[in-house]
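Here is the file model.tsv (TSV, C-alpha atoms and all ligand atoms).
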chain	number	residue	atom	x	y	z
A	1	MET	CA	-31.72	-16.33	13.33
A	2	ARG	CA	-30.09	-13.04	14.21
A	3	ALA	CA	-31.60	-9.76	13.03
A	4	PRO	CA	-29.77	-8.42	9.99
A	5	LEU	CA	-27.46	-5.48	10.56
A	6	THR	CA	-26.64	-2.86	7.94
A	7	PHE	CA	-23.48	-0.80	8.40
A	8	LEU	CA	-21.76	1.99	6.53
A	9	GLY	CA	-17.99	1.51	6.35
A	10	ILE	CA	-15.42	4.26	5.84
A	11	GLU	CA	-11.77	3.68	4.88
A	12	SER	CA	-9.00	6.28	4.46
A	13	SER	CA	-5.83	4.83	5.98
A	14	CYS	CA	-3.65	5.00	2.89
A	15	ASP	CA	-4.28	6.17	-0.67
A	16	ASP	CA	-7.84	4.93	-1.27
A	17	SER	CA	-10.86	6.95	-0.14
A	18	ALA	CA	-13.63	4.40	0.28
A	19	ALA	CA	-17.17	3.97	1.57
A	20	ALA	CA	-19.41	0.91	1.45
A	21	VAL	CA	-22.66	-0.50	2.79
A	22	VAL	CA	-22.72	-4.09	4.03
A	23	ARG	CA	-25.63	-6.09	5.39
A	24	VAL	CA	-25.11	-9.20	7.49
A	25	GLY	CA	-28.07	-11.46	8.19
A	26	ASP	CA	-28.02	-15.18	7.51
A	27	ARG	CA	-25.33	-14.32	5.03
A	28	ALA	CA	-23.17	-11.29	4.33
A	29	GLU	CA	-23.95	-9.01	1.42
A	30	VAL	CA	-22.01	-6.08	-0.01
A	31	LEU	CA	-24.77	-3.63	-0.99
A	32	SER	CA	-22.29	-1.10	-2.39
A	33	SER	CA	-18.56	-0.44	-2.40
A	34	VAL	CA	-17.06	2.81	-3.65
A	35	VAL	CA	-13.28	3.17	-3.88
A	36	GLU	CA	-11.58	6.33	-5.15
A	37	GLY	CA	-7.86	5.74	-5.65
A	38	GLN	CA	-5.21	8.46	-5.58
A	39	VAL	CA	-2.51	6.92	-7.78
A	40	VAL	CA	-2.49	9.97	-10.09
A	41	LEU	CA	-2.02	12.42	-7.20
A	42	HIS	CA	1.11	10.66	-5.93
A	43	ALA	CA	2.56	9.42	-9.23
A	44	ALA	CA	5.18	12.16	-9.53
A	45	PHE	CA	6.58	11.49	-6.05
A	46	GLY	CA	7.38	7.78	-6.27
A	47	GLY	CA	5.27	6.96	-3.20
A	48	VAL	CA	2.28	8.11	-1.19
A	49	VAL	CA	2.70	11.67	0.17
A	50	PRO	CA	0.85	11.66	3.52
A	51	GLU	CA	-0.23	15.33	3.39
A	52	ILE	CA	-1.60	15.06	-0.15
A	53	ALA	CA	-3.40	11.84	0.79
A	54	ALA	CA	-4.98	13.41	3.89
A	55	ARG	CA	-6.26	16.43	1.93
A	56	ALA	CA	-7.69	14.23	-0.81
A	57	HIS	CA	-9.50	12.07	1.76
A	58	ALA	CA	-10.94	15.15	3.48
A	59	GLU	CA	-12.21	16.45	0.12
A	60	ARG	CA	-13.58	13.17	-1.23
A	61	LEU	CA	-14.86	11.02	1.61
A	62	ASP	CA	-18.28	12.63	1.99
A	63	GLY	CA	-18.89	12.17	-1.75
A	64	CYS	CA	-17.90	8.50	-1.42
A	65	VAL	CA	-20.40	8.06	1.42
A	66	GLU	CA	-23.19	9.68	-0.62
A	67	ARG	CA	-22.47	7.42	-3.59
A	68	ALA	CA	-22.25	4.30	-1.43
A	69	LEU	CA	-25.67	5.06	0.08
A	70	ASP	CA	-27.13	5.88	-3.37
A	71	GLN	CA	-25.80	2.68	-4.92
A	72	ALA	CA	-27.19	0.65	-2.02
A	73	GLY	CA	-30.55	2.45	-2.46
A	74	LEU	CA	-30.50	3.47	1.21
A	75	THR	CA	-30.35	6.59	3.36
A	76	LEU	CA	-28.61	7.15	6.68
A	77	ALA	CA	-31.93	6.34	8.38
A	78	ASP	CA	-31.73	2.74	7.08
A	79	LEU	CA	-28.41	2.03	8.80
A	80	ASP	CA	-27.74	0.26	12.10
A	81	GLY	CA	-24.25	1.64	12.59
A	82	ILE	CA	-21.14	3.30	11.22
A	83	ALA	CA	-17.74	1.59	11.10
A	84	VAL	CA	-14.55	3.47	10.37
A	85	THR	CA	-10.88	2.58	10.05
A	86	ALA	CA	-9.26	4.03	13.18
A	87	GLY	CA	-5.75	2.77	12.32
A	88	PRO	CA	-3.10	1.68	11.55
A	89	GLY	CA	-2.15	3.94	8.68
A	90	LEU	CA	-1.15	7.44	7.66
A	91	ILE	CA	-2.45	9.54	10.51
A	92	GLY	CA	-3.88	12.46	8.49
A	93	GLY	CA	-5.93	10.12	6.34
A	94	VAL	CA	-7.17	8.05	9.28
A	95	LEU	CA	-8.16	11.29	11.04
A	96	SER	CA	-10.22	12.42	8.03
A	97	GLY	CA	-12.24	9.22	8.17
A	98	VAL	CA	-12.62	9.17	11.95
A	99	MET	CA	-13.80	12.81	12.03
A	100	LEU	CA	-16.36	12.17	9.30
A	101	ALA	CA	-17.64	9.03	11.04
A	102	LYS	CA	-17.92	10.84	14.38
A	103	GLY	CA	-19.84	13.67	12.72
A	104	LEU	CA	-22.23	11.23	11.05
A	105	ALA	CA	-22.73	9.27	14.27
A	106	ALA	CA	-23.37	12.47	16.27
A	107	GLY	CA	-25.79	13.76	13.65
A	108	THR	CA	-27.79	10.55	13.30
A	109	GLY	CA	-27.45	8.99	16.74
A	110	LEU	CA	-26.14	5.79	15.11
A	111	PRO	CA	-23.61	3.63	16.97
A	112	LEU	CA	-19.97	4.16	16.00
A	113	VAL	CA	-17.40	1.34	15.78
A	114	GLY	CA	-13.69	1.95	15.21
A	115	VAL	CA	-12.05	-0.83	13.18
A	116	ASN	CA	-8.46	-1.94	12.77
A	117	HIS	CA	-7.67	-1.80	9.03
A	118	LEU	CA	-5.76	-5.09	9.22
A	119	ALA	CA	-8.70	-6.76	10.97
A	120	GLY	CA	-10.77	-5.63	7.97
A	121	HIS	CA	-8.42	-7.50	5.62
A	122	ALA	CA	-8.17	-10.48	7.96
A	123	LEU	CA	-11.96	-10.93	8.29
A	124	THR	CA	-12.66	-10.54	4.55
A	125	PRO	CA	-12.70	-14.33	3.91
A	126	ARG	CA	-15.69	-14.51	6.25
A	127	LEU	CA	-17.48	-11.78	4.31
A	128	THR	CA	-16.78	-13.40	0.93
A	129	ASP	CA	-16.64	-17.12	1.68
A	130	GLY	CA	-18.14	-17.53	5.15
A	131	LEU	CA	-14.94	-19.11	6.53
A	132	ALA	CA	-15.23	-20.51	10.04
A	133	PHE	CA	-12.67	-19.69	12.75
A	134	PRO	CA	-9.84	-20.51	13.08
A	135	TYR	CA	-8.25	-20.02	9.68
A	136	LEU	CA	-4.76	-19.07	8.53
A	137	MET	CA	-4.39	-15.81	6.70
A	138	LEU	CA	-1.58	-14.32	4.61
A	139	LEU	CA	-1.93	-10.57	4.12
A	140	VAL	CA	0.37	-9.68	1.27
A	141	SER	CA	0.24	-6.27	-0.39
A	142	GLY	CA	2.25	-3.11	-0.97
A	143	GLY	CA	2.06	-2.23	2.70
A	144	HIS	CA	1.42	-5.48	4.55
A	145	CYS	CA	2.95	-8.91	4.82
A	146	GLN	CA	2.03	-11.13	7.74
A	147	PHE	CA	0.70	-14.55	8.68
A	148	LEU	CA	-2.22	-14.51	11.10
A	149	ILE	CA	-4.13	-17.29	12.75
A	150	VAL	CA	-7.60	-15.75	12.94
A	151	GLY	CA	-9.43	-17.26	15.91
A	152	GLY	CA	-12.26	-14.72	16.26
A	153	PRO	CA	-13.29	-11.18	15.29
A	154	GLU	CA	-10.78	-9.84	17.82
A	155	ASP	CA	-8.48	-12.83	18.15
A	156	PHE	CA	-5.46	-12.59	15.88
A	157	ARG	CA	-2.21	-14.45	16.44
A	158	ARG	CA	0.63	-13.17	14.28
A	159	ILE	CA	3.06	-16.00	13.60
A	160	GLY	CA	5.39	-14.16	11.21
A	161	GLY	CA	5.77	-11.27	8.83
A	162	THR	CA	8.23	-9.20	6.87
A	163	ILE	CA	10.99	-7.53	8.80
A	164	ASP	CA	11.48	-4.90	6.10
A	165	ASP	CA	9.70	-4.37	2.74
A	166	ALA	CA	6.34	-5.88	1.85
A	167	PRO	CA	6.41	-8.05	-1.31
A	168	GLY	CA	4.23	-5.61	-3.29
A	169	GLU	CA	6.72	-2.89	-2.46
A	170	ALA	CA	9.52	-5.14	-3.75
A	171	PHE	CA	7.57	-5.69	-7.00
A	172	ASP	CA	7.09	-1.92	-7.32
A	173	LYS	CA	10.78	-1.19	-6.73
A	174	THR	CA	11.80	-3.91	-9.19
A	175	ALA	CA	9.56	-2.34	-11.82
A	176	LYS	CA	11.13	1.04	-11.16
A	177	LEU	CA	14.67	-0.37	-11.48
A	178	LEU	CA	13.76	-1.93	-14.82
A	179	GLY	CA	11.86	1.06	-16.23
A	180	LEU	CA	8.47	-0.64	-16.04
A	181	PRO	CA	5.23	1.23	-15.10
A	182	GLN	CA	3.64	1.43	-11.62
A	183	PRO	CA	2.06	-0.39	-9.88
A	184	GLY	CA	4.92	-2.75	-10.51
A	185	GLY	CA	3.30	-6.08	-9.66
A	186	PRO	CA	1.22	-6.58	-12.82
A	187	ALA	CA	4.02	-5.18	-15.03
A	188	VAL	CA	6.68	-7.49	-13.54
A	189	GLU	CA	4.35	-10.49	-13.74
A	190	ALA	CA	3.63	-9.79	-17.42
A	191	GLU	CA	7.36	-9.56	-18.27
A	192	ALA	CA	8.21	-12.61	-16.15
A	193	ALA	CA	5.77	-14.74	-18.14
A	194	PHE	CA	8.18	-14.59	-21.09
A	195	GLY	CA	11.40	-14.82	-19.04
A	196	ASP	CA	13.88	-17.53	-18.11
A	197	ALA	CA	13.77	-17.81	-14.32
A	198	ALA	CA	16.94	-19.92	-14.21
A	199	ARG	CA	19.22	-17.24	-15.72
A	200	PHE	CA	19.35	-15.02	-12.61
A	201	VAL	CA	19.00	-16.93	-9.39
A	202	LEU	CA	18.30	-14.23	-6.82
A	203	PRO	CA	18.62	-14.79	-3.04
A	204	ARG	CA	15.82	-16.30	-0.96
A	205	PRO	CA	16.24	-14.27	2.26
A	206	LEU	CA	15.66	-15.83	5.69
A	207	LEU	CA	14.95	-19.33	4.34
A	208	ASP	CA	17.99	-20.52	6.29
A	209	ARG	CA	16.41	-19.34	9.54
A	210	PRO	CA	13.59	-21.06	11.39
A	211	GLY	CA	10.18	-19.43	11.69
A	212	CYS	CA	7.80	-17.55	9.42
A	213	ASP	CA	9.47	-14.12	9.28
A	214	MET	CA	10.40	-12.81	5.84
A	215	SER	CA	12.65	-10.19	4.28
A	216	PHE	CA	12.36	-8.74	0.80
A	217	SER	CA	14.59	-5.66	0.77
A	218	GLY	CA	17.76	-7.63	-0.12
A	219	LEU	CA	16.12	-8.96	-3.26
A	220	LYS	CA	15.94	-5.58	-4.93
A	221	THR	CA	19.62	-4.91	-4.10
A	222	ALA	CA	20.54	-8.22	-5.75
A	223	LEU	CA	18.41	-7.30	-8.74
A	224	LEU	CA	20.06	-3.86	-8.93
A	225	ARG	CA	23.51	-5.50	-8.99
A	226	ALA	CA	22.51	-7.94	-11.72
A	227	ARG	CA	21.02	-5.09	-13.75
A	228	ASP	CA	24.11	-2.87	-13.37
A	229	ALA	CA	26.44	-5.74	-14.28
A	230	LEU	CA	24.49	-6.24	-17.51
A	231	ILE	CA	24.53	-2.52	-18.30
A	232	ALA	CA	28.30	-2.33	-17.68
A	233	GLU	CA	28.86	-5.36	-19.89
A	234	GLN	CA	26.59	-4.58	-22.83
A	235	GLY	CA	25.78	-0.89	-22.47
A	236	GLY	CA	22.08	-1.42	-21.75
A	237	LEU	CA	19.30	-3.91	-21.13
A	238	MET	CA	17.83	-6.10	-23.89
A	239	VAL	CA	14.17	-7.09	-23.85
A	240	ALA	CA	15.16	-10.64	-22.87
A	241	ASP	CA	17.32	-9.36	-19.98
A	242	ARG	CA	14.39	-7.50	-18.49
A	243	ARG	CA	12.12	-10.50	-18.84
A	244	ASP	CA	14.69	-12.85	-17.31
A	245	LEU	CA	15.33	-10.48	-14.38
A	246	CYS	CA	11.58	-10.25	-13.72
A	247	ALA	CA	11.24	-14.03	-13.88
A	248	GLY	CA	14.19	-14.52	-11.50
A	249	PHE	CA	12.74	-11.97	-9.07
A	250	GLN	CA	9.21	-13.38	-9.14
A	251	THR	CA	10.50	-16.92	-8.70
A	252	ALA	CA	12.51	-15.87	-5.63
A	253	VAL	CA	9.48	-14.12	-4.05
A	254	THR	CA	7.29	-17.13	-4.81
A	255	ALA	CA	9.82	-19.53	-3.27
A	256	VAL	CA	10.05	-17.47	-0.08
A	257	LEU	CA	6.27	-17.09	0.26
A	258	ALA	CA	5.73	-20.80	-0.45
A	259	GLU	CA	8.29	-22.03	2.07
A	260	LYS	CA	7.13	-19.61	4.77
A	261	THR	CA	3.50	-20.52	4.09
A	262	ARG	CA	4.43	-24.21	4.45
A	263	ARG	CA	5.87	-23.46	7.89
A	264	ALA	CA	2.88	-21.28	8.85
A	265	LEU	CA	0.54	-24.11	7.84
A	266	GLU	CA	2.43	-26.45	10.18
A	267	VAL	CA	2.01	-24.04	13.10
A	268	TYR	CA	-1.67	-23.56	12.24
A	269	LEU	CA	-2.41	-27.28	11.84
A	270	GLU	CA	-0.94	-27.93	15.30
A	271	THR	CA	-4.05	-26.14	16.64
A	272	THR	CA	-6.13	-28.96	15.01
A	273	PRO	CA	-8.72	-26.71	13.35
A	274	PRO	CA	-11.93	-28.64	12.53
A	275	ASN	CA	-12.22	-27.14	9.02
A	276	PRO	CA	-8.69	-26.11	8.07
A	277	ALA	CA	-8.59	-23.19	5.66
A	278	PHE	CA	-6.00	-20.76	4.33
A	279	ALA	CA	-6.87	-17.36	2.87
A	280	ILE	CA	-4.70	-14.91	0.98
A	281	ALA	CA	-5.52	-11.20	0.68
A	282	GLY	CA	-3.84	-8.06	-0.62
A	283	GLY	CA	-2.77	-6.88	-4.06
A	284	VAL	CA	-0.03	-9.49	-4.44
A	285	ALA	CA	-2.73	-12.19	-4.22
A	286	ALA	CA	-3.46	-11.20	-7.84
A	287	ASN	CA	-0.15	-12.77	-8.92
A	288	THR	CA	-0.96	-16.02	-10.73
A	289	PRO	CA	2.27	-17.99	-10.08
A	290	ILE	CA	2.27	-16.99	-6.38
A	291	ARG	CA	-1.38	-17.89	-6.00
A	292	ALA	CA	-0.89	-21.21	-7.83
A	293	ALA	CA	2.11	-22.14	-5.64
A	294	LEU	CA	0.15	-21.49	-2.44
A	295	GLU	CA	-2.94	-23.27	-3.73
A	296	THR	CA	-0.88	-26.39	-4.54
A	297	LEU	CA	0.72	-26.26	-1.11
A	298	CYS	CA	-2.69	-26.11	0.60
A	299	ALA	CA	-4.00	-29.01	-1.49
A	300	GLY	CA	-1.01	-31.07	-0.34
A	301	HIS	CA	-1.90	-30.34	3.30
A	302	GLY	CA	-5.64	-30.97	2.91
A	303	VAL	CA	-6.34	-27.30	3.63
A	304	ARG	CA	-9.06	-25.33	1.83
A	305	PHE	CA	-7.60	-22.43	-0.20
A	306	VAL	CA	-9.56	-19.18	-0.39
A	307	ALA	CA	-8.69	-16.06	-2.35
A	308	PRO	CA	-11.41	-13.38	-2.11
A	309	PRO	CA	-12.08	-11.39	-5.29
A	310	LEU	CA	-9.39	-8.79	-5.76
A	311	ARG	CA	-11.67	-5.76	-5.33
A	312	LEU	CA	-12.36	-6.99	-1.79
A	313	CYS	CA	-8.81	-7.98	-0.94
A	314	THR	CA	-7.23	-4.68	-1.89
A	315	ASP	CA	-8.12	-1.64	0.24
A	316	ASN	CA	-11.88	-1.07	0.40
A	317	ALA	CA	-14.57	-0.04	2.89
A	318	ALA	CA	-16.78	-3.14	2.65
A	319	MET	CA	-14.24	-5.02	4.77
A	320	ILE	CA	-14.41	-2.21	7.34
A	321	ALA	CA	-18.21	-2.27	7.47
A	322	TYR	CA	-18.13	-6.06	7.84
A	323	ALA	CA	-15.46	-6.02	10.58
A	324	GLY	CA	-17.48	-3.29	12.30
A	325	ILE	CA	-20.54	-5.54	12.36
A	326	GLU	CA	-18.50	-8.42	13.83
A	327	ARG	CA	-17.12	-6.10	16.55
A	328	PHE	CA	-20.56	-4.62	17.20
A	329	ARG	CA	-21.98	-8.13	17.69
A	330	LEU	CA	-19.31	-8.68	20.34
A	331	GLY	CA	-20.70	-5.63	22.14
A	332	HIS	CA	-18.06	-3.16	21.04
A	333	ARG	CA	-19.11	0.53	20.84
A	334	ASP	CA	-17.05	3.70	20.39
A	335	ASP	CA	-17.95	7.31	21.05
A	336	ALA	CA	-16.63	10.81	20.41
A	337	THR	CA	-13.38	9.88	22.19
A	338	LEU	CA	-12.42	7.42	19.41
A	339	SER	CA	-8.91	8.35	18.33
A	340	ALA	CA	-6.95	7.74	15.13
A	341	ARG	CA	-3.98	5.44	15.68
A	342	PRO	CA	-0.99	5.44	13.28
A	343	ARG	CA	0.15	2.12	14.76
A	344	TRP	CA	-2.24	-0.54	16.01
A	345	PRO	CA	-0.85	-4.07	15.99
A	346	LEU	CA	-3.53	-6.72	15.60
A	347	ASP	CA	-1.70	-9.09	17.88
A	348	GLN	CA	-0.70	-7.09	20.95
A	349	THR	CA	1.48	-9.93	22.20
A	350	ALA	CA	3.61	-10.34	19.04
A	351	PRO	CA	6.97	-8.54	18.94
A	352	ALA	CA	6.84	-5.14	17.20
A	353	MET	CA	7.69	-5.19	13.52
A	354	ILE	CA	10.66	-3.33	12.18
A	355	GLY	CA	10.62	-0.82	9.35
A	356	SER	CA	7.92	1.14	7.61
A	357	GLY	CA	6.95	0.69	4.00
A	358	LYS	CA	6.23	3.18	1.26
A	359	LYS	CA	2.63	3.20	2.36
A	360	GLY	CA	3.45	4.17	5.94
A	361	ALA	CA	3.93	2.39	9.21
A	362	LYS	CA	3.38	-1.32	9.30
A	363	ALA	CA	1.59	-2.74	12.29
B	401	LIG	O1	-3.59	-4.33	-1.48
B	401	LIG	P1	-3.08	-3.27	-2.38
B	401	LIG	O2	-3.96	-2.76	-3.49
B	401	LIG	O3	-2.67	-1.99	-1.59
B	401	LIG	C1	-1.89	-1.99	-0.44
B	401	LIG	O4	-0.65	-2.11	-0.59
B	401	LIG	O5	-2.47	-1.88	0.66
B	401	LIG	O6	-1.74	-3.83	-3.02
B	401	LIG	C2	-1.01	-3.12	-3.98
B	401	LIG	C3	0.29	-3.86	-4.23
B	401	LIG	C4	1.23	-3.09	-5.14
B	401	LIG	O7	2.51	-3.08	-4.54
B	401	LIG	C5	1.20	-3.90	-6.42
B	401	LIG	O8	2.42	-3.84	-7.15
B	401	LIG	C6	0.94	-5.30	-5.91
B	401	LIG	O9	0.02	-5.13	-4.86
B	401	LIG	N1	0.37	-6.13	-6.98
B	401	LIG	C7	0.97	-7.22	-7.47
B	401	LIG	C8	0.16	-7.69	-8.54
B	401	LIG	N2	-0.92	-6.86	-8.64
B	401	LIG	C9	-0.77	-5.91	-7.67
B	401	LIG	N3	2.11	-7.83	-7.11
B	401	LIG	C10	2.47	-8.92	-7.82
B	401	LIG	N4	1.77	-9.41	-8.86
B	401	LIG	C11	0.61	-8.83	-9.25
B	401	LIG	N5	-0.08	-9.31	-10.29
B	402	ZN	ZN	-4.62	-2.55	3.33
Would you kindly transcribe this structure into structure tokens?
Amino acid sequence: MRAPLTFLGIESSCDDSAAAVVRVGDRAEVLSSVVEGQVVLHAAFGGVVPEIAARAHAERLDGCVERALDQAGLTLADLDGIAVTAGPGLIGGVLSGVMLAKGLAAGTGLPLVGVNHLAGHALTPRLTDGLAFPYLMLLVSGGHCQFLIVGGPEDFRRIGGTIDDAPGEAFDKTAKLLGLPQPGGPAVEAEAAFGDAARFVLPRPLLDRPGCDMSFSGLKTALLRARDALIAEQGGLMVADRRDLCAGFQTAVTAVLAEKTRRALEVYLETTPPNPAFAIAGGVAANTPIRAALETLCAGHGVRFVAPPLRLCTDNAAMIAYAGIERFRLGHRDDATLSARPRWPLDQTAPAMIGSGKKGAKA
């Protein structure tokens, strides 16, 4: 049995200020997880404003840390280390977190571990479900979309991803085009439930090309055209039009994700994993039809399907604390020279991704 380790995690790479305490012994336990979102601060701007985000993180992070320790019933003296997101993300926000973590580490003498935000997401199925390596992972949110074969705490093979928008971003833009509230995903899903998906058959980009790369930016252009044609024809949108457009859009995204996941599963299964498993994380994992399609696909391939609870698959600091512990166990330590990295690809050998989403640079 290995001695349990208790880490504080700090996350500030986008628009959530977060702190959490995680303990890993025989099993992993989230002792506390505090997430302060900034949706209200950015609402008027139609996207995250990096400078506003950075200021908010600087003002709020220490309060998040205090609350996370309080809720865990611990003090700094009870910790074994401090893990912090050191990238990729909006640089001002990442810097706020890294500076706070360095200060805490210097003040307490605790070890400091810089964590890749995407590694945090990718290792979450181990925190929540104890998945064994290697497993296949689909990160799908407003800022991320990639398939990873996770072979170890620092072994990530990216086998495909979006070449432009992330699916969550496409949901958000669709909602905006149809006058629905943000975040768009839940609003579009709710409308789509009453819609006729066959009325507007929107494109399924990149399905005609081999591989697991995806593209979602063309979908919103197609949706815009369909919307404008309706407005020109009838002078506006009826309730049924909006529902049918949402259903057509969601069906197209689901079809693309399902087909690309099928191909990713093939690549993954070629590695003959002893306990094949597929995990989905990110805000879009909340979408019931998408989740159901991927779950069915996995069942057909004899692959275990895992979807961590949403609060741990959207941005949070528990995943950072957990990933920090995994890195620490591999012997990784950082010091005062730890720098904040706006870009930090998980798989250094994969070709660079194109484009940057509304939530900043994609890695
Ligand atoms: O993981 P997340 O909270 O933040 C990052 O993007 O990192 O994901 C938020 C994204 C938003 O774009 C939101 O519209 C999308 O996830 N989302 C959904 C649903 N719930 C949230 N997309 C589709 N269907 C949903 N039910
Ligand atoms: Zn994230």
Practice prompt. Just give me the gap between atom CA of Val253 of chain A and atom CA of Ile290 of chain A in Å, one decimal is fine.
Written response: 8.1 Å
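Residues of protein or nucleic acid lying within 6 Å of ligand LIG 401 (chain B), counting all atoms listed in the file, are Ser141, Gly142, Gly143, Gly168, Glu169, Phe171, Asp172, Pro183, Gly184, Gly185, Pro186, Glu189, Gly282, Gly283, Val284, Ala286, Asn287, Thr314 and Asp315 of chain A.
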Response to the item:
Residue with the minimum atom-to-atom distance to Ala285 of chain A, picked from A:Ala166, A:His57, A:Gly92, A:Leu139 with all atoms listed in the file counted, is A:Leu139
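From atom CA of Gly160 of chain A back to atom CA of Ser12 of chain A, the distance works out to 25.9 Å.
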Worksheet item: How many Å lie between atom CA of Ser13 of chain A and atom CA of Val94 of chain A, rounded to one decimal?
Response: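 Answer for the atom CA of Ser13 of chain A to atom CA of Val94 of chain A separation: 4.8 Å.
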Do you know which residues lie at most 8 Å from (-11.0, 6.7, 10.2), with coordinates as in the file and all atoms listed in the file counted, and could you write them as a PDB file with C-alpha atoms, in the coordinates of the input?
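Full text of out_39.pdb as output:
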ATOM      1  CA  ILE A  10     -15.420   4.260   5.840  1.00  0.00           C
ATOM      2  CA  GLU A  11     -11.770   3.680   4.880  1.00  0.00           C
ATOM      3  CA  SER A  12      -9.000   6.280   4.460  1.00  0.00           C
ATOM      4  CA  SER A  13      -5.830   4.830   5.980  1.00  0.00           C
ATOM      5  CA  VAL A  84     -14.550   3.470  10.370  1.00  0.00           C
ATOM      6  CA  THR A  85     -10.880   2.580  10.050  1.00  0.00           C
ATOM      7  CA  ALA A  86      -9.260   4.030  13.180  1.00  0.00           C
ATOM      8  CA  GLY A  87      -5.750   2.770  12.320  1.00  0.00           C
ATOM      9  CA  GLY A  93      -5.930  10.120   6.340  1.00  0.00           C
ATOM     10  CA  VAL A  94      -7.170   8.050   9.280  1.00  0.00           C
ATOM     11  CA  LEU A  95      -8.160  11.290  11.040  1.00  0.00           C
ATOM     12  CA  SER A  96     -10.220  12.420   8.030  1.00  0.00           C
ATOM     13  CA  GLY A  97     -12.240   9.220   8.170  1.00  0.00           C
ATOM     14  CA  VAL A  98     -12.620   9.170  11.950  1.00  0.00           C
ATOM     15  CA  MET A  99     -13.800  12.810  12.030  1.00  0.00           C
ATOM     16  CA  LEU A 100     -16.360  12.170   9.300  1.00  0.00           C
ATOM     17  CA  ALA A 101     -17.640   9.030  11.040  1.00  0.00           C
ATOM     18  CA  GLY A 114     -13.690   1.950  15.210  1.00  0.00           C
ATOM     19  CA  ALA A 340      -6.950   7.740  15.130  1.00  0.00           C
TER      20      ALA A 340
END
How big is the axis-aligned box, and where does its centre sit, when it encloses all atoms of segment 273-278 of chain A listed in the file and has 4 Å added on every side, reported in Å to one decimal as JSON?
{"center_x": -9.1, "center_y": -24.7, "center_z": 8.8, "size_x": 14.2, "size_y": 15.9, "size_z": 17.0}
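When only C-alpha atoms and all ligand atoms are used to measure the gap to ligand ZN 402 (chain B), the shortest distance among A:Asn275, A:Ala119, A:Pro125, A:Gly103 belongs to A:Ala119.
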Worksheet entry | A:Gly89, A:Pro274, A:Gly300, A:Gly25 ranked by distance to Val48 of chain A, top pick (using all atoms listed in the file) |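 Closest to Val48 of chain A, using all atoms listed in the file: A:Gly89.
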Discussion item. List as a list in words the protein and nucleic acid residues near segment 108-113 of chain A, meaning an atom at most 9 Å away when all atoms listed in the file are counted, but skip any in the same chain fewer than 2 places from it.
Written reply: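 So, after excluding close chain neighbours, the residues are Leu76, Ala77, Leu79, Asp80, Gly81, Ile82, Ala83, Val84, Thr85, Ala86, Ala101, Lys102, Gly103, Leu104, Ala105, Ala106, Val115, Gly324, Ile325, Arg327, Phe328, His332, Arg333, Asp334, Asp335, Ala336 and Leu338 of chain A.
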Output C-alpha atoms for every residue in the selection just made, as an mmCIF file, in the frame of the given file.
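This is the output file selection00.cif:
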data_model
loop_
_atom_site.group_PDB
_atom_site.id
_atom_site.type_symbol
_atom_site.label_atom_id
_atom_site.label_comp_id
_atom_site.auth_asym_id
_atom_site.auth_seq_id
_atom_site.Cartn_x
_atom_site.Cartn_y
_atom_site.Cartn_z
ATOM 1 C CA LEU A 76 -28.610 7.150 6.680
ATOM 2 C CA ALA A 77 -31.930 6.340 8.380
ATOM 3 C CA LEU A 79 -28.410 2.030 8.800
ATOM 4 C CA ASP A 80 -27.740 0.260 12.100
ATOM 5 C CA GLY A 81 -24.250 1.640 12.590
ATOM 6 C CA ILE A 82 -21.140 3.300 11.220
ATOM 7 C CA ALA A 83 -17.740 1.590 11.100
ATOM 8 C CA VAL A 84 -14.550 3.470 10.370
ATOM 9 C CA THR A 85 -10.880 2.580 10.050
ATOM 10 C CA ALA A 86 -9.260 4.030 13.180
ATOM 11 C CA ALA A 101 -17.640 9.030 11.040
ATOM 12 C CA LYS A 102 -17.920 10.840 14.380
ATOM 13 C CA GLY A 103 -19.840 13.670 12.720
ATOM 14 C CA LEU A 104 -22.230 11.230 11.050
ATOM 15 C CA ALA A 105 -22.730 9.270 14.270
ATOM 16 C CA ALA A 106 -23.370 12.470 16.270
ATOM 17 C CA VAL A 115 -12.050 -0.830 13.180
ATOM 18 C CA GLY A 324 -17.480 -3.290 12.300
ATOM 19 C CA ILE A 325 -20.540 -5.540 12.360
ATOM 20 C CA ARG A 327 -17.120 -6.100 16.550
ATOM 21 C CA PHE A 328 -20.560 -4.620 17.200
ATOM 22 C CA HIS A 332 -18.060 -3.160 21.040
ATOM 23 C CA ARG A 333 -19.110 0.530 20.840
ATOM 24 C CA ASP A 334 -17.050 3.700 20.390
ATOM 25 C CA ASP A 335 -17.950 7.310 21.050
ATOM 26 C CA ALA A 336 -16.630 10.810 20.410
ATOM 27 C CA LEU A 338 -12.420 7.420 19.410
#
Worksheet item: Taking all atoms listed in the file into account, which of A:Ala197, A:Leu61, A:Ile320, A:Ala187 comes nearest ligand ZN 402 (chain B)?
Response: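 Smallest separation from ligand ZN 402 (chain B) among the options: A:Ile320.
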Worksheet entry | Who sits within 6 Å of Pro88 of chain A, all atoms listed in the file, same chain under 3 positions skipped, as a list in words |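 These residues fall inside the cut-off: Arg341, Pro342, Arg343 and Trp344 of chain A.
Checking A:Pro4, A:Gly47, A:Pro289, A:Pro181 one by one against Glu326 of chain A, counting only C-alpha atoms, you find the shortest gap at A:Pro4.
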Worksheet item: For Ala292 of chain A, which residue out of A:Ala247, A:Val30, A:Ala44, A:Ala307 is the nearest one, using only C-alpha atoms?
Response: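 Among A:Ala247, A:Val30, A:Ala44, A:Ala307, it is A:Ala307 that comes nearest to Ala292 of chain A.
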Fill in: Polymer residues at most 12 Å from Val40 of chain A, all atoms listed in the file, same-chain spacing of 4 or more positions, as an NGL selection string
:A and (15-16 or 36 or 44-49 or 52-53 or 56 or 182-183)
